[in-house]
file work.txt (compact mmCIF, C-alpha atoms)
# COMPACT_ATOMS: atom_id res chain seq x y z
CA MET A 1 36.20 31.60 31.93
CA THR A 2 32.48 31.60 31.10
CA LYS A 3 32.33 35.38 30.78
CA ARG A 4 35.44 35.52 28.58
CA LEU A 5 34.18 32.80 26.23
CA THR A 6 30.70 34.31 25.96
CA GLY A 7 32.18 37.75 25.30
CA PHE A 8 34.43 36.34 22.57
CA LEU A 9 31.49 34.62 20.87
CA LEU A 10 29.31 37.73 20.94
CA SER A 11 32.17 39.75 19.46
CA PHE A 12 32.61 37.10 16.76
CA MET A 13 28.88 37.28 15.90
CA ILE A 14 28.96 41.04 15.51
CA GLN A 15 32.07 40.95 13.32
CA LEU A 16 30.50 38.20 11.22
CA CYS A 17 27.87 40.66 9.98
CA PHE A 18 30.53 42.71 8.23
CA LEU A 19 32.53 39.93 6.58
CA PRO A 20 32.34 39.75 2.77
CA LEU A 21 30.18 36.63 2.83
CA ALA A 22 28.63 34.96 -0.18
CA PHE A 23 26.25 32.13 -0.65
CA GLY A 24 25.42 29.14 -2.79
CA ASN A 25 23.50 29.11 -6.03
CA GLY A 26 20.12 29.34 -4.38
CA PHE A 27 17.90 31.75 -2.46
CA ASP A 28 16.70 30.02 0.70
CA ILE A 29 19.63 28.87 2.84
CA TYR A 30 18.88 26.01 5.24
CA GLU A 31 22.45 24.84 5.84
CA GLN A 32 22.88 26.32 9.33
CA SER A 33 24.62 23.44 11.12
CA ALA A 34 26.54 20.33 10.16
CA LYS A 35 24.21 18.02 12.07
CA ALA A 36 21.22 19.37 10.16
CA VAL A 37 23.07 19.07 6.84
CA GLY A 38 23.75 15.40 7.56
CA MET A 39 20.03 14.79 8.25
CA ALA A 40 18.68 16.79 5.28
CA GLY A 41 17.51 19.51 7.66
CA ALA A 42 14.98 17.22 9.36
CA VAL A 43 15.74 18.44 12.90
CA ILE A 44 12.70 20.59 13.81
CA ALA A 45 11.21 18.12 16.30
CA GLN A 46 14.62 17.13 17.72
CA ALA A 47 16.28 20.59 17.96
CA GLU A 48 18.82 19.23 20.44
CA ASP A 49 21.96 21.27 19.75
CA PRO A 50 22.63 25.07 19.80
CA SER A 51 21.54 25.44 16.15
CA ALA A 52 17.99 25.05 17.51
CA ILE A 53 18.15 28.86 17.75
CA PHE A 54 17.64 28.82 13.97
CA PHE A 55 15.64 25.62 13.42
CA ASN A 56 13.26 25.72 16.42
CA PRO A 57 14.11 27.97 19.40
CA ALA A 58 11.91 25.89 21.70
CA GLY A 59 14.52 23.14 21.55
CA ILE A 60 17.15 24.99 23.60
CA THR A 61 15.36 23.96 26.82
CA GLN A 62 16.95 20.51 26.28
CA LEU A 63 20.51 21.85 26.42
CA GLU A 64 22.40 21.65 29.70
CA GLY A 65 24.70 24.36 31.05
CA THR A 66 26.17 26.84 28.58
CA GLN A 67 26.92 25.63 25.06
CA VAL A 68 28.66 27.34 22.16
CA SER A 69 28.81 26.20 18.56
CA LEU A 70 30.77 27.59 15.60
CA GLY A 71 30.64 26.25 12.07
CA ALA A 72 30.50 26.81 8.35
CA CYS A 73 29.13 25.24 5.19
CA LEU A 74 31.07 25.30 1.92
CA VAL A 75 28.91 25.30 -1.22
CA MET A 76 30.40 24.47 -4.62
CA PRO A 77 27.75 24.81 -7.35
CA THR A 78 27.94 24.27 -11.09
CA MET A 79 25.53 24.79 -13.98
CA GLN A 80 25.61 25.44 -17.70
CA PHE A 81 23.43 27.09 -20.32
CA LYS A 82 22.87 25.45 -23.73
CA SER A 83 21.89 28.00 -26.37
CA ASN A 84 19.17 27.56 -28.96
CA SER A 85 21.40 29.86 -31.07
CA ASN A 86 21.13 33.58 -31.65
CA VAL A 87 22.67 35.28 -34.69
CA LEU A 88 22.74 38.77 -33.14
CA MET A 89 24.41 37.47 -29.96
CA GLY A 90 26.88 35.38 -31.96
CA THR A 91 25.95 31.95 -30.64
CA TYR A 92 25.31 28.70 -32.50
CA PRO A 93 22.85 25.84 -31.71
CA GLY A 94 24.01 23.80 -28.73
CA GLU A 95 26.76 26.25 -27.66
CA THR A 96 27.26 25.97 -23.90
CA THR A 97 28.33 28.46 -21.25
CA LYS A 98 29.22 27.46 -17.67
CA ILE A 99 28.97 29.57 -14.54
CA LYS A 100 32.28 30.52 -12.95
CA ASP A 101 33.57 28.16 -10.28
CA HIS A 102 33.23 29.49 -6.75
CA THR A 103 33.24 28.11 -3.24
CA TRP A 104 30.66 30.06 -1.28
CA VAL A 105 30.93 30.13 2.54
CA ILE A 106 27.93 30.08 4.91
CA PRO A 107 29.04 30.65 8.54
CA ASN A 108 27.02 30.14 11.73
CA ALA A 109 27.54 30.78 15.45
CA TYR A 110 25.32 30.02 18.45
CA VAL A 111 25.46 30.21 22.26
CA THR A 112 22.82 28.90 24.68
CA HIS A 113 22.49 29.01 28.47
CA LYS A 114 20.14 27.12 30.75
CA VAL A 115 18.92 29.56 33.41
CA ASN A 116 16.95 26.93 35.34
CA ASP A 117 14.80 23.87 34.68
CA LYS A 118 12.08 26.02 33.09
CA VAL A 119 13.95 28.79 31.23
CA SER A 120 16.77 28.88 28.69
CA VAL A 121 18.21 31.73 26.61
CA GLY A 122 20.39 31.94 23.54
CA ILE A 123 21.74 34.09 20.76
CA GLY A 124 22.81 33.10 17.27
CA THR A 125 23.81 34.45 13.90
CA PHE A 126 22.91 32.84 10.60
CA ALA A 127 22.48 33.57 6.89
CA HIS A 128 18.80 32.91 6.30
CA PHE A 129 18.76 33.83 2.60
CA GLY A 130 21.51 34.30 0.05
CA LEU A 131 22.40 34.06 -3.60
CA GLY A 132 25.70 33.92 -5.42
CA VAL A 133 26.13 33.36 -9.16
CA GLU A 134 28.61 34.66 -11.72
CA TRP A 135 28.49 34.12 -15.49
CA PRO A 136 31.23 35.11 -17.98
CA ARG A 137 30.88 38.78 -18.89
CA GLN A 138 30.46 38.06 -22.61
CA TRP A 139 27.97 35.21 -22.31
CA GLU A 140 24.75 35.28 -24.30
CA GLY A 141 22.45 36.36 -21.46
CA ARG A 142 24.61 39.26 -20.31
CA PHE A 143 21.94 41.94 -20.85
CA THR A 144 19.39 40.46 -18.41
CA PRO A 145 19.47 42.33 -15.04
CA GLY A 146 21.96 40.80 -12.63
CA THR A 147 23.20 38.07 -14.96
CA THR A 148 26.94 38.67 -15.14
CA LYS A 149 27.29 38.63 -11.36
CA THR A 150 24.84 38.66 -8.48
CA ILE A 151 25.59 38.44 -4.77
CA LEU A 152 22.75 38.68 -2.26
CA GLN A 153 23.84 38.40 1.36
CA THR A 154 21.78 38.36 4.53
CA THR A 155 23.13 38.07 8.06
CA SER A 156 20.73 37.79 10.99
CA ILE A 157 21.37 38.07 14.72
CA SER A 158 18.67 36.46 16.85
CA PRO A 159 18.38 36.49 20.67
CA VAL A 160 15.79 33.95 21.88
CA ILE A 161 14.19 32.79 25.10
CA ALA A 162 12.50 29.45 25.69
CA PHE A 163 10.10 28.29 28.43
CA LYS A 164 9.12 24.82 29.54
CA PRO A 165 5.68 25.18 31.20
CA PHE A 166 5.23 21.39 31.26
CA ASP A 167 7.65 18.49 30.97
CA SER A 168 6.15 17.62 27.58
CA LEU A 169 6.02 21.15 26.10
CA SER A 170 8.61 23.82 25.29
CA ILE A 171 7.95 27.23 23.69
CA GLY A 172 10.58 29.57 22.27
CA PHE A 173 10.57 32.96 20.54
CA GLY A 174 12.59 36.06 19.83
CA PRO A 175 13.33 38.83 17.31
CA TYR A 176 16.04 38.83 14.70
CA ILE A 177 17.72 41.81 13.13
CA GLN A 178 18.83 41.29 9.56
CA ASN A 179 21.37 42.95 7.31
CA PHE A 180 20.52 42.84 3.60
CA ASP A 181 23.33 43.43 1.10
CA ILE A 182 22.88 43.05 -2.65
CA GLU A 183 25.00 43.56 -5.76
CA LEU A 184 23.63 43.12 -9.30
CA ASN A 185 25.81 43.32 -12.42
CA ASN A 186 24.92 43.07 -16.11
CA LEU A 187 25.61 44.84 -19.39
CA VAL A 188 23.42 47.58 -20.87
CA PHE A 189 23.30 49.76 -23.95
CA VAL A 190 23.75 53.49 -23.27
CA ALA A 191 23.70 56.52 -25.55
CA VAL A 192 26.81 58.68 -24.98
CA PRO A 193 26.89 62.29 -26.34
CA THR A 194 29.61 62.92 -28.92
CA PRO A 195 30.94 66.23 -30.27
CA PRO A 196 29.46 68.39 -31.53
CA LEU A 197 27.04 68.31 -28.62
CA THR A 198 23.79 68.71 -30.51
CA PRO A 199 20.43 66.99 -29.86
CA GLY A 200 20.48 63.41 -31.12
CA ASN A 201 24.23 63.35 -31.76
CA ASN A 202 24.92 60.29 -29.62
CA ARG A 203 26.77 57.05 -30.11
CA LEU A 204 25.63 53.70 -28.72
CA GLN A 205 27.98 52.12 -26.19
CA THR A 206 27.96 48.96 -24.10
CA ALA A 207 28.40 49.59 -20.39
CA ASP A 208 28.77 47.53 -17.25
CA ALA A 209 25.83 48.29 -14.93
CA LYS A 210 26.28 47.71 -11.21
CA LEU A 211 23.57 48.15 -8.56
CA THR A 212 24.44 47.96 -4.86
CA ALA A 213 22.35 48.41 -1.72
CA ASN A 214 22.61 47.71 2.00
CA GLU A 215 19.84 47.88 4.60
CA TRP A 216 18.97 46.72 8.12
CA ASN A 217 15.54 45.61 9.27
CA TRP A 218 14.02 43.10 11.65
CA GLY A 219 11.62 40.17 11.95
CA TRP A 220 10.65 37.60 14.56
CA GLN A 221 10.55 33.87 15.08
CA ALA A 222 8.70 31.43 17.34
CA GLY A 223 8.42 27.69 17.79
CA PHE A 224 7.22 24.90 20.03
CA ARG A 225 8.20 21.32 20.75
CA LEU A 226 5.67 18.79 22.06
CA LYS A 227 6.47 15.30 23.31
CA ILE A 228 3.36 13.34 22.33
CA ILE A 229 4.56 10.11 23.92
CA GLU A 230 8.00 9.11 25.18
CA SER A 231 9.21 8.05 21.73
CA LEU A 232 7.32 10.54 19.52
CA THR A 233 7.91 14.32 19.33
CA PHE A 234 6.34 17.04 17.18
CA GLY A 235 7.93 20.42 16.47
CA ALA A 236 6.95 23.55 14.57
CA ALA A 237 8.69 26.89 13.96
CA TYR A 238 7.85 30.09 12.10
CA LEU A 239 10.14 32.85 10.84
CA SER A 240 8.44 36.07 9.74
CA GLU A 241 9.07 37.88 6.49
CA VAL A 242 11.41 40.88 6.52
CA ARG A 243 10.66 43.85 4.29
CA HIS A 244 13.78 45.78 3.31
CA LYS A 245 13.07 49.32 2.12
CA ILE A 246 16.06 50.58 0.17
CA THR A 247 16.46 54.38 0.13
CA ASP A 248 20.15 54.89 -0.58
CA GLY A 249 21.03 52.34 -3.25
CA GLU A 250 23.58 53.21 -5.93
CA GLN A 251 23.77 52.54 -9.65
CA GLU A 252 27.06 52.88 -11.51
CA LEU A 253 27.58 52.60 -15.27
CA ARG A 254 31.14 52.01 -16.49
CA SER A 255 32.36 51.89 -20.06
CA LEU A 256 33.67 48.50 -21.15
CA ALA A 257 36.29 50.37 -23.15
CA GLY A 258 38.66 51.72 -20.52
CA GLY A 259 36.38 51.39 -17.49
CA ALA A 260 35.55 55.09 -17.18
CA VAL A 261 32.47 55.97 -15.12
CA ILE A 262 29.67 57.09 -17.45
CA THR A 263 27.17 57.91 -14.72
CA LYS A 264 26.50 57.30 -11.05
CA GLN A 265 23.17 57.85 -9.32
CA GLY A 266 21.03 56.70 -6.41
CA PHE A 267 17.95 54.51 -6.45
CA SER A 268 15.20 53.33 -4.12
CA GLY A 269 13.28 50.08 -3.98
CA GLU A 270 11.85 47.36 -1.80
CA PHE A 271 12.84 43.71 -1.36
CA THR A 272 10.81 41.35 0.84
CA LEU A 273 12.37 38.14 2.12
CA PRO A 274 9.62 35.53 2.65
CA ALA A 275 8.20 33.97 5.79
CA THR A 276 8.78 30.26 6.43
CA LEU A 277 6.87 27.61 8.39
CA ARG A 278 8.72 24.43 9.42
CA LEU A 279 7.20 21.20 10.73
CA GLY A 280 8.79 18.00 12.01
CA LEU A 281 7.76 14.67 13.55
CA ALA A 282 10.51 12.61 15.16
CA TRP A 283 10.41 9.01 16.38
CA GLN A 284 13.11 7.57 18.60
CA ARG A 285 13.71 4.02 19.68
CA GLY A 286 16.91 3.12 21.47
CA PRO A 287 19.91 4.44 19.49
CA PHE A 288 17.84 5.05 16.33
CA THR A 289 16.04 8.33 15.48
CA ILE A 290 14.11 9.21 12.33
CA GLU A 291 12.38 12.50 11.54
CA ALA A 292 10.10 13.51 8.70
CA GLY A 293 9.70 17.22 8.04
CA ALA A 294 8.32 19.85 5.73
CA GLN A 295 8.86 23.55 5.11
CA TRP A 296 6.42 25.98 3.54
CA THR A 297 7.87 29.22 2.16
CA LYS A 298 5.76 32.24 1.28
CA TRP A 299 7.47 33.03 -2.01
CA THR A 300 4.48 35.07 -3.23
CA SER A 301 6.11 38.00 -1.41
CA TYR A 302 8.75 38.03 -4.20
CA LYS A 303 6.67 39.71 -6.89
CA THR A 304 9.07 42.08 -8.66
CA LEU A 305 12.73 43.02 -8.69
CA SER A 306 12.49 46.79 -9.16
CA ALA A 307 14.36 50.05 -8.68
CA VAL A 308 13.47 53.72 -9.17
CA PHE A 309 16.47 55.86 -10.12
CA ASP A 310 17.17 59.50 -9.28
CA ASN A 311 16.90 60.54 -12.94
CA GLY A 312 13.28 59.36 -13.08
CA THR A 313 13.90 56.10 -14.94
CA SER A 314 13.14 52.70 -13.44
CA LEU A 315 13.95 49.01 -13.66
CA SER A 316 11.21 46.41 -13.26
CA SER A 317 11.72 42.67 -13.59
CA PRO A 318 8.55 40.64 -12.77
CA LYS A 319 9.09 37.47 -10.71
CA ASN A 320 5.63 36.35 -9.46
CA TRP A 321 6.99 33.34 -7.60
CA HIS A 322 4.49 31.01 -5.94
CA ASN A 323 4.49 29.42 -2.49
CA ALA A 324 6.34 26.10 -2.32
CA TRP A 325 6.97 23.12 -0.05
CA LEU A 326 10.21 21.39 0.81
CA TRP A 327 10.04 17.79 2.07
CA ARG A 328 12.70 16.09 4.21
CA ILE A 329 13.48 12.85 5.95
CA GLY A 330 16.53 12.33 8.13
CA SER A 331 17.87 9.60 10.40
CA GLN A 332 20.53 9.13 13.05
CA TYR A 333 22.04 6.00 14.59
CA ARG A 334 24.04 6.34 17.79
CA VAL A 335 26.71 3.66 17.46
CA ASN A 336 28.13 4.37 20.91
CA LYS A 337 28.76 7.35 23.18
CA TYR A 338 31.47 8.59 20.80
CA LEU A 339 29.92 8.20 17.33
CA ASP A 340 26.65 9.11 15.55
CA LEU A 341 25.90 8.15 11.94
CA ARG A 342 23.43 10.26 9.92
CA ALA A 343 21.70 10.20 6.54
CA GLY A 344 18.82 12.00 4.83
CA PHE A 345 16.98 12.94 1.68
CA LEU A 346 15.14 16.09 0.62
CA TYR A 347 12.85 17.13 -2.21
CA ASP A 348 12.57 20.88 -2.82
CA GLU A 349 9.74 22.16 -5.02
CA THR A 350 10.66 25.14 -7.20
CA PRO A 351 8.68 28.35 -6.61
CA ILE A 352 9.79 29.79 -9.98
CA PRO A 353 7.31 29.83 -12.89
CA GLY A 354 8.67 29.28 -16.39
CA SER A 355 7.20 32.61 -17.46
CA THR A 356 9.61 34.64 -15.27
CA MET A 357 12.57 32.29 -14.65
CA ASP A 358 15.93 33.92 -15.37
CA PRO A 359 19.67 33.20 -14.90
CA LEU A 360 19.74 34.68 -11.38
CA VAL A 361 17.89 31.62 -10.02
CA PRO A 362 17.11 29.15 -12.85
CA SER A 363 16.25 26.37 -10.40
CA GLY A 364 13.79 23.57 -10.93
CA ASP A 365 12.74 20.95 -8.40
CA ARG A 366 15.75 19.82 -6.40
CA LYS A 367 16.78 16.55 -4.78
CA GLY A 368 19.33 16.32 -2.00
CA TYR A 369 21.28 13.26 -0.80
CA CYS A 370 22.82 13.74 2.64
CA ALA A 371 25.18 12.01 5.05
CA GLY A 372 27.11 12.96 8.18
CA ILE A 373 28.72 11.90 11.43
CA GLY A 374 28.93 13.26 14.96
CA LEU A 375 31.98 12.69 17.17
CA HIS A 376 31.63 13.20 20.95
CA PHE A 377 34.56 13.73 23.32
CA ASP A 378 33.33 14.53 26.81
CA ARG A 379 32.32 18.22 26.51
CA LEU A 380 33.40 18.63 22.89
CA THR A 381 31.42 17.60 19.80
CA PHE A 382 32.50 17.61 16.15
CA ASP A 383 29.84 17.35 13.45
CA VAL A 384 30.71 16.94 9.77
CA ALA A 385 28.38 16.38 6.81
CA TYR A 386 28.09 16.23 3.03
CA ASN A 387 25.16 16.99 0.71
CA TYR A 388 24.83 16.39 -3.01
CA ILE A 389 22.13 18.66 -4.49
CA GLN A 390 20.76 17.83 -7.94
CA ASP A 391 18.70 20.37 -9.88
CA GLU A 392 16.41 19.64 -12.82
CA LYS A 393 16.77 21.17 -16.29
CA ARG A 394 14.84 24.35 -17.12
CA ASN A 395 14.01 25.87 -20.50
CA TRP A 396 14.49 29.64 -20.88
CA ASN A 397 12.17 31.37 -23.32
CA ASN A 398 10.38 34.32 -21.74
CA PRO A 399 10.61 38.15 -21.65
CA SER A 400 13.46 38.12 -19.10
CA GLY A 401 15.69 37.02 -21.98
CA ASP A 402 14.78 40.00 -24.17
CA VAL A 403 17.64 42.28 -25.20
CA MET A 404 16.26 45.81 -25.24
CA LEU A 405 17.40 48.97 -26.97
CA GLY A 406 15.30 51.60 -25.26
CA PRO A 407 11.68 50.43 -25.60
CA THR A 408 12.53 48.17 -28.56
CA ARG A 409 13.29 44.48 -28.31
CA ILE A 410 16.11 43.61 -30.69
CA THR A 411 16.33 39.89 -29.89
CA ARG A 412 15.49 37.22 -27.30
CA VAL A 413 17.96 34.80 -25.73
CA THR A 414 16.58 31.26 -25.44
CA GLY A 415 18.00 27.90 -24.41
CA LYS A 416 18.21 25.44 -21.54
CA PHE A 417 19.82 25.52 -18.08
CA GLU A 418 21.22 22.06 -17.38
CA LYS A 419 23.81 20.01 -15.51
CA ALA A 420 23.05 21.96 -12.35
CA TYR A 421 24.26 20.45 -9.09
CA ALA A 422 26.17 21.39 -5.95
CA HIS A 423 28.50 19.79 -3.42
CA ILE A 424 28.02 20.99 0.16
CA PHE A 425 30.47 20.30 2.99
CA ALA A 426 29.71 21.32 6.58
CA MET A 427 31.46 21.28 9.94
CA ASN A 428 30.51 22.50 13.43
CA VAL A 429 32.41 22.44 16.71
CA THR A 430 30.30 22.58 19.90
CA TYR A 431 31.57 22.94 23.45
CA GLN A 432 29.59 22.59 26.67
CA TYR A 433 30.80 24.15 29.91
call {"tool": "encode", "arguments": {"input": "work.txt", "output": "structure tokens"}}
result
Amino acid sequence: MTKRLTGFLLSFMIQLCFLPLAFGNGFDIYEQSAKAVGMAGAVIAQAEDPSAIFFNPAGITQLEGTQVSLGACLVMPTMQFKSNSNVLMGTYPGETTKIKDHTWVIPNAYVTHKVNDKVSVGIGTFAHFGLGVEWPRQWEGRFTPGTTKTILQTTSISPVIAFKPFDSLSIGFGPYIQNFDIELNNLVFVAVPTPPLTPGNNRLQTADAKLTANEWNWGWQAGFRLKIIESLTFGAAYLSEVRHKITDGEQELRSLAGGAVITKQGFSGEFTLPATLRLGLAWQRGPFTIEAGAQWTKWTSYKTLSAVFDNGTSLSSPKNWHNAWLWRIGSQYRVNKYLDLRAGFLYDETPIPGSTMDPLVPSGDRKGYCAGIGLHFDRLTFDVAYNYIQDEKRNWNNPSGDVMLGPTRITRVTGKFEKAYAHIFAMNVTYQY
């Protein structure tokens, strides 16, 4: 029974890497279990279910027997752009455009096994980073790279091992291999030769530009959990950056009139996903637990979105993001052996400067309001949660909004991103045997 269930879960994890997954309107994805979602992600010091493989691998020493957990988060974002008006783009003052409605799915799967009182092992799969946003094809900002549709997907598989050298201390670590899959779509102006084929006899045409790339690489993670006194626990975890070197990307230009392929070529580039440091301090008294936490993300690794094409041309979009902190507080009240009640709040500082912000990720500082419950039935646990994420308004008036014709800027799109928020629903099923 144990071997069959473990084999099924490992097969599920491997297949998960190749599903057409997509993610919410953000970049860093922290929604890796329903319990964590219900507590605003403040679970680093607790780390007491199989999702500890992602949040703090040292925590799996607390888990008895063999445990498996499967779950998913559903993210439903919305946002609109209010134009300052642009005669060349055909927009008037105050005209609004809304992103297309999508429900993005973030799956997770974990299995842990307690070898003995000192050693535990586990393996999990999670989507550490992701981005999904789609604007109408004819919206005002359609010529900025990636702004008609962008999907960035990452899927990581992480085997971990945890030791408990002392009753008060646990240490966990392990590698993770990561698949990086990206698709960027926007419109561009192209010069198409027309008969007679003589130098300079070209006509200007609008084309749909699509860039795709897929790459595997690896990183590592480590964490520890220290019980300071019986009621107070401190936890910390670190996930390394992963540098994806793209060598076989593809660019395709298709005519908007008829959809014929104008050109197809390869490109190379590099995309670094940042390192993160997570901290948590949890206090427990009787049935009540409260944890305060913070996460530092090294966003300075995201300097430029760039590509070098086979024909010698290149694309370069400066980002120059800065490092940022995310602050969390979460609580849980165990009503009885069957029911847990959870709530939390988070404040997420934006890493995006106004000078490079664009429609791919036009996020400001975010606030999150969280609630959830846990239902326990002998060996089976159901966790469900809900988050409401509220994003602040951002003004757009920088070079990323420039519409270029060759080296010449013909106009700049300006306005405000507003009414940005998301509903997040999460569920996990965990079984111990």
call {"tool": "closest_residue", "arguments": {"input": "work.txt", "among": "A:Trp325, A:Tyr110, A:Phe309, A:Phe143", "to": "Val188 (chain A)", "atoms": "only C-alpha atoms"}}
result
A:Phe143
call {"tool": "atom_distance", "arguments": {"input": "work.txt", "atom1": "CA of Tyr388 (chain A)", "atom2": "CA of Ser355 (chain A)"}}
result
28.0 Å
call {"tool": "atom_distance", "arguments": {"input": "work.txt", "atom1": "CA of Tyr347 (chain A)", "atom2": "CA of Lys367 (chain A)"}}
result
4.7 Å
call {"tool": "closest_residue", "arguments": {"input": "work.txt", "among": "A:Ile177, A:Ala294, A:Ala191, A:Ala282", "to": "His244 (chain A)", "atoms": "all atoms listed in the file"}}
result
A:Ile177
call {"tool": "residues_around", "arguments": {"input": "work.txt", "residues": "Glu291 (chain A)", "least_positions_apart": "6", "cutoff": "7 Å", "atoms": "only C-alpha atoms", "output": "list of chain:residue names"}}
result
A:Ala42, A:Val43, A:Gly280, A:Leu281, A:Ala282, A:Trp283, A:Ile329, A:Gly330, A:Ser331
call {"tool": "atom_distance", "arguments": {"input": "work.txt", "atom1": "CA of Ile151 (chain A)", "atom2": "CA of Asn186 (chain A)"}}
result
12.3 Å
call {"tool": "closest_residue", "arguments": {"input": "work.txt", "among": "A:Trp396, A:Trp321, A:Tyr302, A:Phe224", "to": "Phe163 (chain A)", "atoms": "all atoms listed in the file"}}
result
A:Phe224
call {"tool": "residues_around", "arguments": {"input": "work.txt", "residues": "Met404 (chain A)", "least_positions_apart": "3", "cutoff": "9 Å", "atoms": "all atoms listed in the file", "output": "PDB file with C-alpha atoms, in the coordinates of the input"}}
result
ATOM      1  CA  PHE A 143      21.940  41.940 -20.850  1.00  0.00           C
ATOM      2  CA  VAL A 188      23.420  47.580 -20.870  1.00  0.00           C
ATOM      3  CA  PHE A 189      23.300  49.760 -23.950  1.00  0.00           C
ATOM      4  CA  PRO A 407      11.680  50.430 -25.600  1.00  0.00           C
ATOM      5  CA  THR A 408      12.530  48.170 -28.560  1.00  0.00           C
ATOM      6  CA  ARG A 409      13.290  44.480 -28.310  1.00  0.00           C
ATOM      7  CA  ILE A 410      16.110  43.610 -30.690  1.00  0.00           C
ATOM      8  CA  THR A 411      16.330  39.890 -29.890  1.00  0.00           C
ATOM      9  CA  ARG A 412      15.490  37.220 -27.300  1.00  0.00           C
TER      10      ARG A 412
END
call {"tool": "residues_around", "arguments": {"input": "work.txt", "residues": "Leu253 (chain A)", "least_positions_apart": "3", "cutoff": "12 Å", "atoms": "only C-alpha atoms", "output": "ChimeraX atom specification"}}
result
/A:184-192,205-212,250,256-257,259-266
call {"tool": "closest_residue", "arguments": {"input": "work.txt", "among": "A:Lys319, A:Lys35, A:His423, A:Arg328", "to": "Pro399 (chain A)", "atoms": "all atoms listed in the file"}}
result
A:Lys319
call {"tool": "closest_residue", "arguments": {"input": "work.txt", "among": "A:Gly235, A:Leu380, A:Ala292, A:Asn320", "to": "Ala45 (chain A)", "atoms": "only C-alpha atoms"}}
result
A:Gly235
call {"tool": "closest_residue", "arguments": {"input": "work.txt", "among": "A:Asn179, A:Thr289, A:Gln46, A:Ser85", "to": "Phe234 (chain A)", "atoms": "all atoms listed in the file"}}
result
A:Gln46
call {"tool": "residues_around", "arguments": {"input": "work.txt", "residues": "Pro136 (chain A)", "least_positions_apart": "2", "cutoff": "7 Å", "atoms": "only C-alpha atoms", "output": "PyMOL selection string"}}
result
chain A and resi 99-100+134+138-139+148
call {"tool": "residues_near_point", "arguments": {"input": "work.txt", "point": "(29.6, 17.3, 13.3)", "cutoff": "6 Å", "atoms": "only C-alpha atoms", "output": "list of chain:residue names"}}
result
A:Ala34, A:Lys35, A:Ile373, A:Gly374, A:Phe382, A:Asp383, A:Val384, A:Met427, A:Asn428
call {"tool": "closest_atom_pairs", "arguments": {"input": "work.txt", "of": "region 181-299 of chain A", "to": "region 111-130 of chain A", "cutoff": "10 Å", "atoms": "only C-alpha atoms", "output": "CSV"}}
result
residue,atom,partner,partner_atom,distance
A:Asp181,CA,A:Gly130,CA,9.4
A:Ile182,CA,A:Gly130,CA,9.3
A:Leu239,CA,A:His128,CA,9.8
A:Leu273,CA,A:Phe129,CA,7.7
A:Pro274,CA,A:Phe129,CA,9.3
call {"tool": "axis_aligned_box", "arguments": {"input": "work.txt", "around": "region 81-90 of chain A", "padding_each_side": "5 Å", "output": "JSON"}}
result
{"center_x": 23.0, "center_y": 32.1, "center_z": -27.5, "size_x": 17.7, "size_y": 23.3, "size_z": 24.4}
